[in-house]
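Asks: My structure is below; once you've seen it, I'll send some questions.
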Amino acid sequence: MERLRVLVTRRWPEAVELALAERFDAVFNGTDEPLSQAELAQAMGEFDILCPTVSDRIDADVIAGGDRVKLIANYGVGFDHIDLDAARANAIAVTNTPGVLTDATADIAMTLLLMAARRAGEGERELRAGRWDGWRPTHLIGSALKDKVLGLVGFGRIGIATARRAKHGFGMRIAYFGRREADADVVAELGAEYHPDLTGLLAASDFVSLHVPGGAETANLIDAEALSAMKPGAYLINTARGGVIDHEALANALAVGELAGAGLDVYPEEPQIPAALLGLENVVLLPHLGSANSETRIAMGMKALANAEAFAAGKPLPDPVA
């Protein structure tokens, strides 16, 4: 039987590429350079399955490029870079890779929180530049974590995993905002306080960590008004989606000292970084490392592969989003 043609838009872990090549007529991006919109549109008429990543914008124009692709098996849990309405209109299924990123992303959230609180980025830059002149009692004073309130905006799997690390590992107090209250056993385990409105959570938190999906509903959720509601000297952490924050407003809050610091792993127009942030010492900037460990990246690929295999076999898709 003829094997389905699959295009993988970026390099994936070798083990996953080998597995894909065994099961499909798979084409890989040997240069690992992002494909253009024209190349993505052309692929829609040449392949049966498209496997994009967050770095690919699969908009209506791309989807209109051809009518052969019938599955977009996204490598990643977020899918706001894919026009789901256009996909549905063209009878294209869309899947993602949920569940396997939880621990890795929670680890990065805590990494950013610790780096911001203890001014680790500032310290390393100072040392590497040869500006460190030795220990002194007032050098790079940061914030302790024990007994401080960590406010989670969004309390799904990643938010809860972050809260567990903060509570059990560092003795932080947990508060959260979401559409509904969490399960009673999770609340009891974490002693988590529910805030039914975002402003109340921001005002109560020493650290705020964002764990909401991207898209129109959450665009600029943390804007100038929200930032002004935060405690003076608080910290903001984002491992969710870049569009959740108004970065000009954040840069201003950091520059004038309304916030003590921030830690960011995601940006609105990656790989471009908002210019206003680049000159600030009190923000930690990571290059979208949330899922970047070998175990997680392989698991993500295998999830995408499982969706492709189910599609090829005419079985229900494990992780449908459209």
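Quick note on naming: the chains in the structure tokens go A, B, ... in the order shown, residues restart at 1 in each chain, and ligands are numbered from 1 in order of appearance.
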Taking the chain letters and numbering used in this document, name the residues of segment 31-73 of chain A that DSSP puts in strand (DSSP E or B), as a list in words.
Replies: Ile49, Leu50, Cys51, Ile58, Leu71, Ile72 and Ala73 of chain A
Asks: What does the file look like for those residues with N, CA and C atoms, as a PDB file, in the first residue's frame?
Replies:
ATOM      1  N   ILE A  49       0.091  14.904   5.094  1.00  0.00           N
ATOM      2  CA  ILE A  49       0.162  15.333   6.490  1.00  0.00           C
ATOM      3  C   ILE A  49       1.234  16.406   6.598  1.00  0.00           C
ATOM      4  N   LEU A  50       0.906  17.505   7.268  1.00  0.00           N
ATOM      5  CA  LEU A  50       1.857  18.576   7.548  1.00  0.00           C
ATOM      6  C   LEU A  50       2.149  18.573   9.035  1.00  0.00           C
ATOM      7  N   CYS A  51       3.446  18.570   9.391  1.00  0.00           N
ATOM      8  CA  CYS A  51       3.866  18.558  10.793  1.00  0.00           C
ATOM      9  C   CYS A  51       4.621  19.846  11.098  1.00  0.00           C
ATOM     10  N   ILE A  58       0.575  28.929  10.142  1.00  0.00           N
ATOM     11  CA  ILE A  58      -0.317  28.216   9.222  1.00  0.00           C
ATOM     12  C   ILE A  58      -1.628  28.991   9.161  1.00  0.00           C
ATOM     13  N   LEU A  71      -4.359  16.434   7.427  1.00  0.00           N
ATOM     14  CA  LEU A  71      -4.016  16.433   8.845  1.00  0.00           C
ATOM     15  C   LEU A  71      -2.848  17.379   9.065  1.00  0.00           C
ATOM     16  N   ILE A  72      -3.016  18.286  10.005  1.00  0.00           N
ATOM     17  CA  ILE A  72      -1.919  19.116  10.509  1.00  0.00           C
ATOM     18  C   ILE A  72      -1.596  18.591  11.898  1.00  0.00           C
ATOM     19  N   ALA A  73      -0.492  17.834  11.989  1.00  0.00           N
ATOM     20  CA  ALA A  73      -0.072  17.233  13.260  1.00  0.00           C
ATOM     21  C   ALA A  73       0.963  18.146  13.888  1.00  0.00           C
TER      22      ALA A  73
END
Asks: I want to know what sits within 12 Å of Asp107 of chain A, based on only C-alpha atoms, with residues of the same chain fewer than 3 positions away left out; could you give that as a count of residues only?
Replies: 27
Asks: Just list as a list in words whatever in segment 206-258 of chain A DSSP marks as alpha helix (DSSP H).
Replies: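 Reading the DSSP output for segment 206-258 of chain A, alpha helix (DSSP H) covers Ala224, Glu225, Ala226, Leu227, Ser228, Ala229, His247, Glu248, Ala249, Leu250, Ala251, Asn252, Ala253, Leu254 and Ala255 of chain A.
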Asks: For Ala21 of chain A, work out the shell of residues within 12 Å, counting only C-alpha atoms and skipping chain neighbours fewer than 5 positions away, then give it as a list of chain:residue names.
Replies: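 So, after excluding close chain neighbours, the residues are A:Arg3, A:Leu4, A:Arg5, A:Val6, A:Leu7, A:Val8, A:Trp12, A:Glu14, A:Ala15, A:Val16, A:Ala26, A:Val27, A:Phe28, A:Leu305.
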Asks: Could you check how far atom CA of Tyr75 of chain A sits from atom CA of Thr53 of chain A, in Å to one decimal?
Replies: 5.0 Å
Asks: For a quick check of understanding, using only C-alpha atoms, which of A:Arg119, A:Thr9, A:Phe155, A:Arg68 has the smallest distance to Val54 of chain A?
Replies: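 The closest residue to Val54 of chain A is A:Thr9.
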